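Here the structure is laid out as structure tokens; the discussion comes afterwards.
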Amino acid sequence: MRSRTFLVVLAFAWTFVIPHSTHAQTTQERKAMPAKALSHADLKTLAQDYVSFLKTALNSDTPVTQDEIRSLFADQCTKIENGNVLFTASSDLSQQLMQAHKAVGNGFQIETLWIIPSPTDRACTLQIKWWSPTVPAHTTMVSLFMDETGKITKIAEVYNQFQPPILGGK
């Protein structure tokens with residue numbers, strides 16, 4: 001009976017206690033090695049470069065090249081738009097931008113409303129307003145996440161159609 005109890009306790013420890021203490025140790029090790037922070041200025045510049053990239057790409061009938069993409073995006077880059085994953089590799093970005101170009105047509109305009117950098121998270125959130133002659137104005141909240149080299153690894157966008165102020169406005 002004692003040997004059976006010992007085996008049950010050993011099995012429990014092996015299944016639940018040891019993996020959790022190993023995981024905790026790994027988490028502690030990660031906390032001891034913080035990710036390289038990018039400065040406020042670095043993140044603002046990256047956000048402005050992203051907006052410039054969009055303006056150029058969405059006003060062109062020619063697809064962006066992989067070299068243009070590699071200058072700003074990591075190879076493993078995920079884009080999520082309104083909760084839907086559009087791609088998980090930056091090599092698919094060119095095709096996604098060509099589809100967007102077809103949807104908005106020529107004359108795409110974009111305006112940055114604000115940028116909030118988060119250096120310790122290597123992230124930046126910005127709000128943009130965009131429109132074209134064929135698409136009414138929209139606002140988009142964009143969160144950009146960067147790797148240690150400053151390349152974009154994740155783009156999370158949520159957009160809505162722009163509406164003038166209605167509460168307390170005329």
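In the structure tokens, chains take the letters A, B, ... in the order shown, each chain's residues start at 1, and ligands count up from 1 in the order shown.
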### Task
Would you kindly return, as a ChimeraX atom specification, each protein, DNA or RNA residue with an atom no farther than 12 Å from any atom of segment 96-105 of chain A, considering only C-alpha atoms and excluding same-chain residues fewer than 3 positions away?
/A:53-65,69,78-81,85-93,108-110,130-138
### Query
So which residues of segment 53-116 of chain A fall under strand (DSSP E or B) by DSSP, listed as a PyMOL selection string?
chain A and resi 73-81+84-87+109-116
### Message
Just list as a list in words whatever in segment 69-130 of chain A DSSP marks as alpha helix (DSSP H).
### Response
Ile69, Arg70, Leu93, Ser94, Gln95, Gln96, Leu97, Met98, Gln99, Ala100, His101, Lys102, Ala103 and Val104 of chain A
Take the residues that were just selected and, keeping C-alpha atoms, output them as an mmCIF file, in the first residue's frame.
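And here's selection-v1.cif as it stands now:
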data_model
loop_
_atom_site.group_PDB
_atom_site.id
_atom_site.type_symbol
_atom_site.label_atom_id
_atom_site.label_comp_id
_atom_site.auth_asym_id
_atom_site.auth_seq_id
_atom_site.Cartn_x
_atom_site.Cartn_y
_atom_site.Cartn_z
ATOM 1 C CA ILE A 69 8.841 44.807 -47.452
ATOM 2 C CA ARG A 70 12.033 43.515 -45.784
ATOM 3 C CA LEU A 93 1.900 41.463 -47.602
ATOM 4 C CA SER A 94 2.358 42.503 -51.242
ATOM 5 C CA GLN A 95 -0.683 40.514 -52.362
ATOM 6 C CA GLN A 96 -2.795 41.857 -49.469
ATOM 7 C CA LEU A 97 -1.850 45.442 -50.344
ATOM 8 C CA MET A 98 -2.722 44.894 -54.019
ATOM 9 C CA GLN A 99 -6.177 43.667 -52.956
ATOM 10 C CA ALA A 100 -6.556 46.752 -50.754
ATOM 11 C CA HIS A 101 -5.429 48.973 -53.657
ATOM 12 C CA LYS A 102 -8.134 47.469 -55.875
ATOM 13 C CA ALA A 103 -10.730 48.116 -53.151
ATOM 14 C CA VAL A 104 -9.826 51.769 -52.497
#
### Message
Considering only C-alpha atoms, can you say which of A:Ala41, A:Ala74, A:Val51, A:Ala123 comes closest to Lys151 of chain A?
### Response
A:Ala74
### Interatomic distance, atom CA of Leu72 of chain A to atom CA of Thr120 of chain A (Å, one decimal)
19.5 Å
### Task
Pick out the closest residue to Asn160 of chain A from this set: A:Gly107, A:Thr140, A:Gln66, A:Phe73. Count only C-alpha atoms.
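Counting only C-alpha atoms, the residue closest to Asn160 of chain A is A:Thr140.
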### Query
Can you tell me, as an MDAnalysis selection string, what residues are no more than 10 Å from segment 42-49 of chain A when counting only C-alpha atoms, ignoring any on the same chain fewer than 6 positions away?
chainID A and resid 55 72 112 114:119 122:126 142:146 150:152
### Query
Can you list, as a list in words, every protein, DNA or RNA residue that comes within 10 Å of Leu113 of chain A when you count only C-alpha atoms, leaving out same-chain residues fewer than 5 positions away?
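Residues meeting the cut-off are Leu126, Gln127, Ile128, Lys129, Thr139, Thr140 and Met141 of chain A.
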#### Entry: Proximity to Glu68 of chain A - best of A:Ile155, A:Glu148, A:Tyr50, A:Gln163, only C-alpha atoms
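That would be A:Tyr50, the residue with the smallest distance to Glu68 of chain A.
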### Message
Using Å and a single decimal, report how far atom CA of Thr149 of chain A sits from atom CA of Ser39 of chain A.
### Response
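It comes out at 12.2 Å.
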